[in-house]
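**Student:** Just so it is clear, I am handing over work-v7.csv, which has CSV, C-alpha atoms and all ligand atoms.
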chain,number,residue,atom,x,y,z
X,1,MET,CA,-33.2,-31.9,39.6
X,2,SER,CA,-32.0,-35.2,41.0
X,3,ASN,CA,-32.4,-37.0,37.6
X,4,ARG,CA,-30.4,-34.5,35.6
X,5,ILE,CA,-28.4,-35.8,32.6
X,6,PRO,CA,-24.7,-35.9,33.3
X,7,VAL,CA,-22.8,-33.7,30.7
X,8,ALA,CA,-19.2,-32.8,30.0
X,9,VAL,CA,-17.9,-29.5,28.8
X,10,LEU,CA,-14.9,-29.9,26.5
X,11,ALA,CA,-12.5,-26.9,26.5
X,12,ALA,CA,-14.2,-25.5,29.6
X,13,THR,CA,-11.5,-22.9,30.4
X,14,GLY,CA,-11.9,-20.7,27.3
X,15,SER,CA,-14.3,-17.9,26.4
X,16,VAL,CA,-17.1,-20.2,25.3
X,17,GLY,CA,-16.3,-22.9,27.8
X,18,GLN,CA,-16.8,-20.4,30.7
X,19,ARG,CA,-20.2,-19.4,29.3
X,20,PHE,CA,-21.2,-23.1,29.3
X,21,ILE,CA,-20.1,-23.3,33.0
X,22,GLN,CA,-22.1,-20.1,33.8
X,23,LEU,CA,-25.2,-21.0,31.8
X,24,LEU,CA,-25.3,-24.7,33.0
X,25,ASP,CA,-25.3,-23.6,36.7
X,26,CYS,CA,-28.5,-25.1,38.0
X,27,HIS,CA,-29.8,-26.1,34.6
X,28,PRO,CA,-33.1,-28.1,35.0
X,29,TYR,CA,-32.0,-31.0,32.6
X,30,PHE,CA,-28.2,-31.1,32.7
X,31,LYS,CA,-25.6,-31.5,35.4
X,32,VAL,CA,-21.9,-30.9,34.6
X,33,THR,CA,-20.0,-33.9,35.8
X,34,VAL,CA,-16.8,-33.7,33.7
X,35,ILE,CA,-14.8,-30.7,32.5
X,36,THR,CA,-11.8,-30.9,30.1
X,37,ALA,CA,-9.2,-28.7,28.5
X,38,SER,CA,-5.8,-29.0,26.8
X,39,ASP,CA,-2.7,-30.7,28.1
X,40,ARG,CA,-1.7,-27.3,29.4
X,41,THR,CA,-4.3,-27.5,32.2
X,42,VAL,CA,-5.2,-31.2,32.5
X,43,GLY,CA,-4.9,-32.3,36.2
X,44,GLN,CA,-5.4,-28.8,37.6
X,45,LYS,CA,-8.4,-27.6,39.6
X,46,TYR,CA,-10.7,-25.5,37.5
X,47,GLY,CA,-10.5,-22.7,40.0
X,48,ASP,CA,-6.7,-22.5,39.7
X,49,ALA,CA,-6.4,-23.1,35.9
X,50,CYS,CA,-9.2,-20.9,34.6
X,51,HIS,CA,-8.8,-17.1,34.3
X,52,TRP,CA,-12.5,-16.3,34.8
X,53,ILE,CA,-13.5,-13.4,32.5
X,54,LEU,CA,-17.3,-13.3,32.8
X,55,PRO,CA,-19.4,-10.9,34.9
X,56,GLY,CA,-20.4,-12.6,38.2
X,57,ASP,CA,-18.4,-15.2,40.1
X,58,MET,CA,-17.3,-18.6,39.0
X,59,PRO,CA,-19.8,-21.1,40.4
X,60,ASP,CA,-18.5,-22.7,43.6
X,61,TRP,CA,-19.3,-26.3,42.4
X,62,VAL,CA,-16.8,-26.0,39.6
X,63,LYS,CA,-13.8,-24.5,41.5
X,64,GLU,CA,-12.7,-27.9,42.9
X,65,MET,CA,-13.4,-30.0,39.8
X,66,THR,CA,-10.2,-31.4,38.3
X,67,ILE,CA,-9.7,-30.8,34.5
X,68,GLN,CA,-9.7,-34.1,32.6
X,69,PRO,CA,-8.1,-35.0,29.3
X,70,THR,CA,-10.3,-34.4,26.3
X,71,SER,CA,-10.9,-38.0,25.3
X,72,PRO,CA,-13.9,-40.4,25.4
X,73,GLU,CA,-11.9,-42.7,27.7
X,74,ALA,CA,-11.7,-40.0,30.3
X,75,VAL,CA,-15.3,-38.8,29.8
X,76,HIS,CA,-18.4,-41.0,30.0
X,77,CYS,CA,-21.3,-38.8,29.3
X,78,PRO,CA,-24.3,-39.2,26.9
X,79,LEU,CA,-24.0,-35.5,26.1
X,80,VAL,CA,-20.8,-33.4,25.6
X,81,PHE,CA,-20.8,-29.7,24.9
X,82,SER,CA,-17.7,-28.8,22.8
X,83,ALA,CA,-16.0,-25.5,22.9
X,84,LEU,CA,-12.9,-26.9,21.2
X,85,PRO,CA,-10.9,-24.9,18.7
X,86,ALA,CA,-11.7,-26.2,15.2
X,87,ASP,CA,-8.3,-27.9,14.6
X,88,ALA,CA,-8.6,-29.9,17.8
X,89,ALA,CA,-12.3,-30.7,17.1
X,90,VAL,CA,-11.5,-32.4,13.8
X,91,GLU,CA,-10.3,-35.6,15.5
X,92,ILE,CA,-11.8,-35.3,19.0
X,93,GLU,CA,-15.5,-34.7,18.2
X,94,PRO,CA,-15.8,-37.8,15.9
X,95,ALA,CA,-14.1,-39.9,18.6
X,96,PHE,CA,-16.8,-38.9,21.1
X,97,ALA,CA,-19.6,-39.5,18.5
X,98,ARG,CA,-18.1,-42.9,17.7
X,99,ALA,CA,-18.1,-43.7,21.4
X,100,GLY,CA,-21.8,-43.0,21.6
X,101,SER,CA,-22.0,-39.4,22.9
X,102,ILE,CA,-24.1,-36.6,21.4
X,103,VAL,CA,-21.7,-33.8,20.7
X,104,CYS,CA,-23.2,-30.3,20.7
X,105,SER,CA,-20.4,-28.4,19.1
X,106,ASN,CA,-19.4,-24.7,18.7
X,107,ALA,CA,-16.4,-25.5,16.4
X,108,SER,CA,-16.5,-25.0,12.6
X,109,ALA,CA,-14.8,-28.4,11.9
X,110,TYR,CA,-18.0,-30.2,10.8
X,111,ARG,CA,-20.4,-27.4,10.1
X,112,ALA,CA,-20.0,-27.6,6.3
X,113,ALA,CA,-20.4,-31.4,6.1
X,114,PRO,CA,-23.7,-32.2,4.3
X,115,ASP,CA,-24.7,-34.8,6.9
X,116,VAL,CA,-24.2,-32.4,9.9
X,117,SER,CA,-26.9,-30.0,10.9
X,118,ILE,CA,-26.4,-26.4,12.0
X,119,LEU,CA,-29.2,-26.5,14.4
X,120,PHE,CA,-31.2,-23.5,15.6
X,121,PRO,CA,-34.3,-24.7,17.4
X,122,GLU,CA,-36.2,-21.4,16.8
X,123,VAL,CA,-35.5,-21.7,13.1
X,124,ASN,CA,-34.9,-25.3,11.9
X,125,PRO,CA,-35.7,-28.1,14.5
X,126,ASP,CA,-36.4,-30.5,11.6
X,127,LEU,CA,-32.7,-30.5,10.6
X,128,THR,CA,-32.2,-33.1,13.3
X,129,ASP,CA,-33.8,-35.5,10.7
X,130,ILE,CA,-30.2,-35.8,9.5
X,131,ILE,CA,-29.0,-37.5,12.7
X,132,PRO,CA,-30.1,-41.1,11.7
X,133,ILE,CA,-28.5,-40.5,8.3
X,134,GLN,CA,-25.3,-39.3,9.8
X,135,ARG,CA,-25.2,-42.3,12.1
X,136,SER,CA,-25.7,-44.8,9.3
X,137,LEU,CA,-23.2,-43.0,6.9
X,138,ARG,CA,-20.5,-42.7,9.6
X,139,GLY,CA,-21.2,-45.8,11.7
X,140,TRP,CA,-21.6,-43.7,14.9
X,141,SER,CA,-23.9,-44.5,17.7
X,142,GLY,CA,-23.6,-40.8,18.9
X,143,ALA,CA,-23.7,-37.8,16.7
X,144,ILE,CA,-22.3,-34.3,16.0
X,145,ILE,CA,-24.7,-31.4,16.0
X,146,THR,CA,-23.3,-27.8,15.5
X,147,ASN,CA,-24.2,-24.2,16.1
X,148,SER,CA,-23.5,-21.7,13.4
X,149,ASN,CA,-20.6,-19.3,13.6
X,150,CYS,CA,-21.5,-16.5,16.0
X,151,THR,CA,-22.1,-13.8,13.3
X,152,SER,CA,-24.6,-16.0,11.4
X,153,ALA,CA,-26.7,-16.5,14.5
X,154,GLY,CA,-28.8,-13.3,14.7
X,155,LEU,CA,-28.5,-12.7,11.0
X,156,THR,CA,-30.1,-16.1,10.3
X,157,VAL,CA,-32.9,-15.6,12.8
X,158,SER,CA,-33.8,-12.3,11.1
X,159,LEU,CA,-33.5,-13.8,7.6
X,160,LYS,CA,-35.8,-16.7,8.6
X,161,ALA,CA,-38.6,-14.3,9.5
X,162,LEU,CA,-38.2,-12.5,6.1
X,163,TYR,CA,-37.7,-15.8,4.2
X,164,ASP,CA,-41.0,-17.2,5.5
X,165,ALA,CA,-43.0,-14.1,4.9
X,166,PHE,CA,-41.6,-12.8,1.6
X,167,GLY,CA,-38.9,-15.1,0.2
X,168,LEU,CA,-35.3,-14.1,-0.2
X,169,LYS,CA,-33.2,-13.5,-3.3
X,170,LYS,CA,-30.0,-11.6,-2.2
X,171,VAL,CA,-28.4,-10.6,1.1
X,172,PHE,CA,-25.6,-8.2,1.6
X,173,ALA,CA,-24.2,-8.3,5.2
X,174,VAL,CA,-21.5,-6.2,6.9
X,175,SER,CA,-20.5,-7.3,10.4
X,176,MET,CA,-19.1,-5.5,13.4
X,177,GLN,CA,-17.9,-8.3,15.6
X,178,ALA,CA,-17.0,-8.2,19.3
X,179,LEU,CA,-13.6,-9.1,20.7
X,180,SER,CA,-14.9,-12.1,22.7
X,181,GLY,CA,-15.6,-13.8,19.4
X,182,ALA,CA,-11.8,-14.2,19.0
X,183,GLY,CA,-11.5,-16.1,22.3
X,184,TYR,CA,-9.4,-15.3,25.3
X,185,PRO,CA,-6.9,-13.6,25.4
X,186,GLY,CA,-7.8,-13.0,21.7
X,187,ILE,CA,-6.5,-9.9,19.9
X,188,PRO,CA,-3.7,-7.9,21.5
X,189,SER,CA,-5.2,-4.6,22.9
X,190,ILE,CA,-2.7,-2.5,21.0
X,191,ASP,CA,-4.1,-3.9,17.7
X,192,ILE,CA,-7.7,-3.1,18.4
X,193,ILE,CA,-8.0,0.0,20.5
X,194,ASP,CA,-8.7,3.0,18.3
X,195,ASN,CA,-9.1,0.6,15.4
X,196,VAL,CA,-11.3,-1.6,13.2
X,197,ILE,CA,-9.7,-4.7,11.7
X,198,PRO,CA,-11.3,-5.6,8.3
X,199,LEU,CA,-10.4,-9.3,8.3
X,200,ILE,CA,-11.5,-12.2,10.4
X,201,LYS,CA,-9.9,-15.2,8.8
X,202,GLY,CA,-12.4,-17.7,7.2
X,203,GLU,CA,-15.4,-15.8,8.6
X,204,GLU,CA,-16.8,-14.4,5.3
X,205,ASP,CA,-17.1,-17.8,3.7
X,206,LYS,CA,-18.9,-19.1,6.8
X,207,VAL,CA,-21.4,-16.1,6.8
X,208,GLU,CA,-22.0,-16.6,3.1
X,209,HIS,CA,-22.8,-20.4,3.6
X,210,GLU,CA,-24.1,-21.1,7.0
X,211,PRO,CA,-27.4,-19.1,7.0
X,212,ARG,CA,-28.3,-20.8,3.7
X,213,LYS,CA,-27.6,-24.2,5.2
X,214,MET,CA,-29.7,-23.3,8.3
X,215,LEU,CA,-32.6,-22.4,6.1
X,216,GLY,CA,-32.2,-25.5,4.0
X,217,LYS,CA,-33.8,-29.0,4.1
X,218,VAL,CA,-32.9,-32.6,4.5
X,219,VAL,CA,-33.1,-34.2,1.0
X,220,GLY,CA,-32.0,-37.7,0.6
X,221,ASN,CA,-28.7,-38.1,2.6
X,222,GLU,CA,-27.8,-34.5,2.9
X,223,ILE,CA,-28.9,-31.0,3.9
X,224,ILE,CA,-29.5,-28.9,0.8
X,225,PRO,CA,-29.0,-25.1,1.4
X,226,ALA,CA,-31.7,-22.6,0.7
X,227,ASP,CA,-31.5,-21.0,-2.7
X,228,PHE,CA,-30.5,-17.4,-2.2
X,229,VAL,CA,-27.1,-15.6,-2.3
X,230,ILE,CA,-25.2,-13.8,0.5
X,231,SER,CA,-22.3,-11.4,0.2
X,232,ALA,CA,-20.5,-10.7,3.5
X,233,HIS,CA,-17.9,-8.4,4.8
X,234,THR,CA,-16.7,-9.2,8.4
X,235,ASN,CA,-14.9,-6.7,10.7
X,236,ARG,CA,-13.5,-6.9,14.2
X,237,VAL,CA,-14.4,-3.9,16.4
X,238,ALA,CA,-13.5,-2.8,20.0
X,239,VAL,CA,-16.7,-4.1,21.6
X,240,VAL,CA,-16.4,-6.8,24.3
X,241,ASP,CA,-19.6,-8.9,23.6
X,242,GLY,CA,-22.3,-8.7,20.9
X,243,HIS,CA,-22.0,-9.0,17.1
X,244,MET,CA,-23.9,-6.4,15.1
X,245,VAL,CA,-24.6,-6.9,11.4
X,246,CYS,CA,-25.9,-4.3,8.8
X,247,VAL,CA,-28.0,-6.1,6.3
X,248,SER,CA,-29.5,-5.2,2.9
X,249,VAL,CA,-31.9,-7.7,1.4
X,250,GLU,CA,-33.7,-8.3,-1.9
X,251,LEU,CA,-36.9,-10.1,-1.3
X,252,GLU,CA,-38.8,-12.4,-3.6
X,253,HIS,CA,-42.0,-10.4,-2.9
X,254,SER,CA,-41.2,-6.8,-2.0
X,255,ALA,CA,-42.2,-5.5,1.4
X,256,THR,CA,-42.4,-2.1,3.0
X,257,PRO,CA,-40.3,-1.5,6.2
X,258,GLU,CA,-43.6,-1.6,8.2
X,259,GLN,CA,-44.5,-5.1,6.7
X,260,ALA,CA,-41.0,-6.3,7.5
X,261,VAL,CA,-41.2,-5.1,11.1
X,262,GLU,CA,-44.6,-6.9,11.4
X,263,ALA,CA,-42.9,-10.1,10.1
X,264,PHE,CA,-40.0,-9.8,12.6
X,265,ARG,CA,-42.4,-9.2,15.5
X,266,ALA,CA,-44.8,-12.0,14.5
X,267,TYR,CA,-42.1,-14.6,14.1
X,268,GLN,CA,-42.3,-17.4,16.5
X,269,ALA,CA,-40.2,-20.5,17.1
X,270,PRO,CA,-41.8,-23.7,15.8
X,271,GLU,CA,-44.0,-25.2,18.5
X,272,ILE,CA,-41.6,-28.0,19.6
X,273,SER,CA,-38.9,-25.4,20.4
X,274,ARG,CA,-41.1,-22.7,21.9
X,275,ASP,CA,-41.2,-23.6,25.6
X,276,LEU,CA,-37.7,-25.1,26.2
X,277,PRO,CA,-35.7,-23.5,29.1
X,278,PHE,CA,-33.3,-21.7,26.8
X,279,ALA,CA,-35.9,-20.6,24.2
X,280,PRO,CA,-35.5,-16.9,23.4
X,281,GLN,CA,-38.5,-15.0,24.8
X,282,PRO,CA,-39.3,-13.4,22.4
X,283,VAL,CA,-37.4,-14.7,19.4
X,284,ILE,CA,-37.0,-11.2,17.9
X,285,VAL,CA,-37.3,-7.8,19.4
X,286,VAL,CA,-37.6,-4.8,17.1
X,287,ARG,CA,-36.3,-1.6,18.6
X,288,ASP,CA,-38.1,1.6,17.4
X,289,GLU,CA,-35.5,4.1,18.5
X,290,PRO,CA,-33.5,5.4,15.5
X,291,ASP,CA,-30.1,4.6,17.1
X,292,ARG,CA,-30.7,1.0,18.4
X,293,PRO,CA,-29.7,-1.8,18.7
X,294,GLN,CA,-26.4,-1.1,20.4
X,295,PRO,CA,-24.2,-3.9,21.7
X,296,ARG,CA,-23.8,-2.4,25.2
X,297,LEU,CA,-27.5,-1.7,25.7
X,298,ASP,CA,-29.2,-4.6,23.9
X,299,ARG,CA,-27.0,-7.7,23.9
X,300,MET,CA,-28.6,-9.1,27.1
X,301,THR,CA,-32.2,-8.9,25.7
X,302,GLY,CA,-34.0,-12.1,26.6
X,303,LYS,CA,-31.0,-13.3,28.7
X,304,GLY,CA,-28.8,-12.9,25.7
X,305,MET,CA,-30.8,-15.4,23.6
X,306,THR,CA,-33.1,-12.9,21.8
X,307,THR,CA,-32.2,-11.4,18.4
X,308,VAL,CA,-32.5,-7.6,18.3
X,309,VAL,CA,-33.4,-5.8,15.1
X,310,GLY,CA,-33.6,-2.1,14.4
X,311,ARG,CA,-33.3,0.7,11.8
X,312,VAL,CA,-35.6,-1.2,9.3
X,313,ARG,CA,-35.8,1.1,6.3
X,314,PRO,CA,-35.9,1.2,2.5
X,315,ASP,CA,-32.6,0.4,0.6
X,316,PRO,CA,-32.0,2.0,-2.8
X,317,LEU,CA,-30.1,-1.0,-4.1
X,318,PHE,CA,-31.8,-4.0,-2.6
X,319,GLY,CA,-35.2,-2.8,-1.4
X,320,LEU,CA,-34.9,-3.2,2.4
X,321,LYS,CA,-32.2,-2.7,5.0
X,322,TYR,CA,-31.8,-3.1,8.8
X,323,VAL,CA,-29.4,-3.8,11.7
X,324,VAL,CA,-29.3,-7.0,13.7
X,325,LEU,CA,-27.5,-7.8,17.0
X,326,SER,CA,-27.1,-11.0,18.9
X,327,HIS,CA,-24.9,-12.0,21.9
X,328,ASN,CA,-22.0,-14.0,20.4
X,329,THR,CA,-21.0,-16.2,23.4
X,330,ILE,CA,-24.6,-16.7,24.5
X,331,ARG,CA,-27.0,-17.1,21.5
X,332,GLY,CA,-24.1,-17.4,19.1
X,333,ALA,CA,-22.3,-20.1,21.2
X,334,ALA,CA,-22.9,-21.7,24.6
X,335,GLY,CA,-26.6,-20.7,25.0
X,336,GLY,CA,-27.3,-21.9,21.5
X,337,SER,CA,-25.7,-25.3,22.1
X,338,ILE,CA,-27.7,-25.7,25.4
X,339,TYR,CA,-30.9,-24.9,23.5
X,340,ASN,CA,-30.0,-27.5,20.9
X,341,ALA,CA,-29.4,-30.1,23.6
X,342,GLU,CA,-32.8,-29.3,25.2
X,343,LEU,CA,-34.5,-29.9,21.8
X,344,LEU,CA,-32.6,-33.2,21.4
X,345,VAL,CA,-33.9,-34.3,24.8
X,346,LYS,CA,-37.4,-33.4,23.7
X,347,GLN,CA,-37.0,-35.3,20.4
X,348,GLY,CA,-35.7,-38.3,22.3
X,349,TYR,CA,-32.1,-38.3,20.9
X,350,ILE,CA,-30.7,-37.7,24.4
X,351,LYS,CA,-32.1,-39.8,27.3
X,401,LIG,P1,-10.6,-19.7,23.6
X,401,LIG,O1,-11.1,-18.7,24.5
X,401,LIG,O2,-9.3,-19.5,22.9
X,401,LIG,O3,-10.5,-21.1,24.4
X,401,LIG,C1,-9.9,-22.2,23.8
X,401,LIG,C2,-10.2,-23.4,24.7
X,401,LIG,O4,-9.8,-24.6,24.1
X,401,LIG,C3,-9.5,-23.4,26.1
X,401,LIG,O5,-10.3,-24.0,27.0
X,401,LIG,C4,-8.3,-24.4,25.8
X,401,LIG,O6,-7.8,-25.0,27.0
X,401,LIG,C5,-9.0,-25.4,24.9
X,401,LIG,N1,-8.1,-26.2,24.1
X,401,LIG,C6,-7.1,-25.7,23.2
X,401,LIG,N2,-6.6,-26.8,22.5
X,401,LIG,C7,-7.1,-27.9,23.0
X,401,LIG,C8,-7.0,-29.3,22.8
X,401,LIG,N3,-6.1,-29.7,21.8
X,401,LIG,N4,-7.7,-30.2,23.4
X,401,LIG,C9,-8.6,-29.7,24.4
X,401,LIG,N5,-8.8,-28.4,24.7
X,401,LIG,C10,-8.1,-27.5,24.0
X,401,LIG,O7,-11.7,-20.0,22.4
X,401,LIG,P2,-13.3,-19.7,22.4
X,401,LIG,O8,-13.6,-18.4,22.0
X,401,LIG,O9,-13.8,-20.3,23.7
X,401,LIG,O10,-13.7,-20.7,21.2
X,401,LIG,C11,-14.0,-22.0,21.3
X,401,LIG,C12,-14.6,-22.6,20.1
X,401,LIG,O11,-15.9,-22.0,19.9
X,401,LIG,C13,-13.9,-22.3,18.8
X,401,LIG,O12,-14.0,-23.4,17.9
X,401,LIG,C14,-14.6,-21.1,18.3
X,401,LIG,O13,-14.4,-20.9,16.9
X,401,LIG,C15,-16.0,-21.4,18.7
X,401,LIG,N6,-16.9,-20.2,18.8
X,401,LIG,C16,-16.6,-19.2,19.5
X,401,LIG,C17,-17.5,-18.1,19.7
X,401,LIG,C18,-17.1,-16.9,20.5
X,401,LIG,O14,-17.9,-15.9,20.4
X,401,LIG,N7,-16.0,-16.9,21.2
X,401,LIG,C19,-18.7,-18.2,19.1
X,401,LIG,C20,-19.1,-19.3,18.4
X,401,LIG,C21,-18.2,-20.3,18.2
X,401,LIG,P3,-6.6,-24.5,27.9
X,401,LIG,O15,-7.1,-23.5,28.9
X,401,LIG,O16,-6.1,-25.8,28.5
X,401,LIG,O17,-5.6,-23.9,27.0
Represent the structure of the file as C-alpha cells.
Ligand code: NAP

**Tutor:**
Amino acid sequence: MSNRIPVAVLAATGSVGQRFIQLLDCHPYFKVTVITASDRTVGQKYGDACHWILPGDMPDWVKEMTIQPTSPEAVHCPLVFSALPADAAVEIEPAFARAGSIVCSNASAYRAAPDVSILFPEVNPDLTDIIPIQRSLRGWSGAIITNSNCTSAGLTVSLKALYDAFGLKKVFAVSMQALSGAGYPGIPSIDIIDNVIPLIKGEEDKVEHEPRKMLGKVVGNEIIPADFVISAHTNRVAVVDGHMVCVSVELEHSATPEQAVEAFRAYQAPEISRDLPFAPQPVIVVRDEPDRPQPRLDRMTGKGMTTVVGRVRPDPLFGLKYVVLSHNTIRGAAGGSIYNAELLVKQGYIK
C-alpha cells in the first residue's frame, strides 16, 4: 500500500467523480492525491463543496482535501481519472496527455477518434495497442483511454459473448436508462416522475457506434469497428442507478436460447484481465427467473462490475432476444475506468 501510484480525479464532485472517490478508497494500486472540479468549487474543501449522493459516507481522507484547478500545472500525476463533461474534456484531456499523464476518461469527447481506444479489459485488452500510435500521431508522452458510454457497457459485454460464439449480423437495442446517467442534479423530478422520456441527446449515435468499435481491431494507425449493424432507441426512466437494455440479435450462425445462455455463462475475460482487483467476478451472470434482471435487485451483482443477462428467448424477427443490465456509474463509468487503469499498470503503460 505504501508504494501506491498517485492519481488525480478530475471533476471529483459530480455523479461519476463521487464514484471514483468511493471506489478508490483503499485501492491496492492507486492513491488519490489531487482532486479537481470547475471554477465554481476550486479552493473549497471537498467536504464543503461536494453534495454527496452515494450510499455510505464520504471517506474521511477526502473531506479536508482542497479542490484544485483542472489543469496539468496544478496536477502532477502519472494517472488522471477524468469525470469531466465532454465539452470541458475537449481541451483539458489533451493538455494532460501532452504533459505526460495517462488519462482514463469517461467523457465522450475522444471516444469516436480512430486512434483512441474504448477499453473494456474483459472484452478488448489488445486495443491498448493503439497507445503508441496515438502518441506518435499526436506527439503526446501521455495518452487518452476512454470507457464507453454507460448504456453500451453491459450491451457490449453481452454482444462479445455472442460475437465470439456465433458471429453477429444485426442488433436492435432499446434502453431504459437510469437518472444518475444524466449526472447530478440531472433531470428535474417533475419531468421524470410518472414518466418516460424517449430522448437522450446524442446517445443513440453512441450506442450504434461504440459497441462496434469495442469489438473492433487495431489495423494500421486506427481502430476498425467490427462489421455488424446496430439500431438503438434510448429512453430515460425513473430508476436511480442501473441501465437496462432489451436486445434482439441476428447471429451469423443461429443459436437456440439454451446455446446462447451457455455462451454467456462460459464467457471469461482474456487471461491478462482476469485477476485484476476490479475484474468482474463473474463477467456475466444469467438469471433464470422470468422477471429478472431488475435494476433495484441486480445492479450490484459482482460489486456493480458484473453484466446481468436474463429473459433469453427466441425472437420472431431476429432469431434471439434477451435483457441486459449493468450499473451505469460503476461498470459503465468509474469502476470501468479503474479496471482500465489496472490493466494499463499490468501492461506497463503506467508505472
Ligand atoms: P455531473 O454529475 O453533472 O458532474 C459534473 C462534474 O464536472 C462536476 O464535478 C463539476 O464540478 C465538473 N465540471 C463542470 N465543468 C467543469 C470544468 N470546466 N472544469 C472542470 N470540472 C468541471 O456529471 P457526471 O454524471 O458525473 O458525468 C461526468 C462525465 O462522465 C460526463 O462526460 C458524462 O457524460 C460521463 N459519464 C457519465 C456516466 C453516468 O452514469 N453518470 C456514465 C458514463 C459516462 P463542480 O462541482 O465544480 O460544478

**Student:** Write out as a PyMOL selection string each polymer residue (protein, DNA or RNA) that has an atom no more than 7 Å from ligand LIG 401 (chain X), with all atoms listed in the file counted.

**Tutor:** chain X and resi 10-17+36-42+50+70+83-86+88+106-108+149-150+180-186+328-329+332-333

**Student:** Grab the atom CA of X:Trp61 to atom CA of X:Ile35 distance for me, in Å with one decimal place.

**Tutor:**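 That distance, rounded to one decimal, is 11.7 Å.
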
**Student:** Find the distance between atom CA of X:Ile102 and atom CA of X:Leu24 and write it in Å to one decimal.

**Tutor:**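 Between atom CA of X:Ile102 and atom CA of X:Leu24 the gap is 16.7 Å.
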
**Student:** Using all atoms listed in the file, can you tell me which of X:Arg212, X:Lys160, X:His76, X:Arg111 comes closest to X:Val90?

**Tutor:**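 Among the listed residues, the smallest separation from X:Val90 belongs to X:Arg111.
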
**Student:** Got a sec: who's within 12 Å of X:Asp57, counting only C-alpha atoms, leaving out chain neighbours fewer than 2 positions off, as an mmCIF file with C-alpha atoms, in the coordinates of the input?

**Tutor:**
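Contents of part35.cif, as written:
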data_model
loop_
_atom_site.group_PDB
_atom_site.id
_atom_site.type_symbol
_atom_site.label_atom_id
_atom_site.label_comp_id
_atom_site.auth_asym_id
_atom_site.auth_seq_id
_atom_site.Cartn_x
_atom_site.Cartn_y
_atom_site.Cartn_z
ATOM 1 C CA GLN X 18 -16.800 -20.400 30.700
ATOM 2 C CA ARG X 19 -20.200 -19.400 29.300
ATOM 3 C CA ILE X 21 -20.100 -23.300 33.000
ATOM 4 C CA GLN X 22 -22.100 -20.100 33.800
ATOM 5 C CA ASP X 25 -25.300 -23.600 36.700
ATOM 6 C CA GLY X 47 -10.500 -22.700 40.000
ATOM 7 C CA HIS X 51 -8.800 -17.100 34.300
ATOM 8 C CA TRP X 52 -12.500 -16.300 34.800
ATOM 9 C CA ILE X 53 -13.500 -13.400 32.500
ATOM 10 C CA LEU X 54 -17.300 -13.300 32.800
ATOM 11 C CA PRO X 55 -19.400 -10.900 34.900
ATOM 12 C CA PRO X 59 -19.800 -21.100 40.400
ATOM 13 C CA ASP X 60 -18.500 -22.700 43.600
ATOM 14 C CA TRP X 61 -19.300 -26.300 42.400
ATOM 15 C CA VAL X 62 -16.800 -26.000 39.600
ATOM 16 C CA LYS X 63 -13.800 -24.500 41.500
#

**Student:** Nearest residue to X:Met305 out of X:Leu162, X:Met244, X:Val103, X:Val157, using only C-alpha atoms?

**Tutor:**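 Checking each candidate against X:Met305, we get X:Val157 as the closest.
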
**Student:** Check the smallest atom-to-atom distance from each of X:Met214, X:Val34, X:Val247, X:Val283 to X:Pro125 using only C-alpha atoms, then report the winner.

**Tutor:**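 Nearest candidate to X:Pro125 out of X:Met214, X:Val34, X:Val247, X:Val283: X:Met214.
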
**Student:** Using all atoms listed in the file, can you tell me which of X:Phe228, X:Val116, X:Asn221, X:Ala161 comes closest to X:Glu262?

**Tutor:**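 Smallest distance to X:Glu262 is found for X:Ala161.
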
**Student:** Counting all atoms listed in the file, note down every residue that has an atom within 8 Å of the point (-21.9, -45.7, 15.9) (file coordinates), as a list in words.

**Tutor:**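 Within the cut-off we find Ala97, Arg98, Ala99, Gly100, Arg135, Ser136, Arg138, Gly139, Trp140, Ser141 and Gly142 of chain X.
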
**Student:** Write out, as a PDB file, in the coordinates of the input, the residues just selected, with C-alpha atoms.

**Tutor:**
ATOM      1  CA  ALA X  97     -19.600 -39.500  18.500  1.00  0.00           C
ATOM      2  CA  ARG X  98     -18.100 -42.900  17.700  1.00  0.00           C
ATOM      3  CA  ALA X  99     -18.100 -43.700  21.400  1.00  0.00           C
ATOM      4  CA  GLY X 100     -21.800 -43.000  21.600  1.00  0.00           C
ATOM      5  CA  ARG X 135     -25.200 -42.300  12.100  1.00  0.00           C
ATOM      6  CA  SER X 136     -25.700 -44.800   9.300  1.00  0.00           C
ATOM      7  CA  ARG X 138     -20.500 -42.700   9.600  1.00  0.00           C
ATOM      8  CA  GLY X 139     -21.200 -45.800  11.700  1.00  0.00           C
ATOM      9  CA  TRP X 140     -21.600 -43.700  14.900  1.00  0.00           C
ATOM     10  CA  SER X 141     -23.900 -44.500  17.700  1.00  0.00           C
ATOM     11  CA  GLY X 142     -23.600 -40.800  18.900  1.00  0.00           C
TER      12      GLY X 142
END

**Student:** Between atom CA of X:Leu320 and atom CA of X:Val240, what is the distance, to one decimal in Å?

**Tutor:**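 Atom CA of X:Leu320 sits 28.9 Å away from atom CA of X:Val240.
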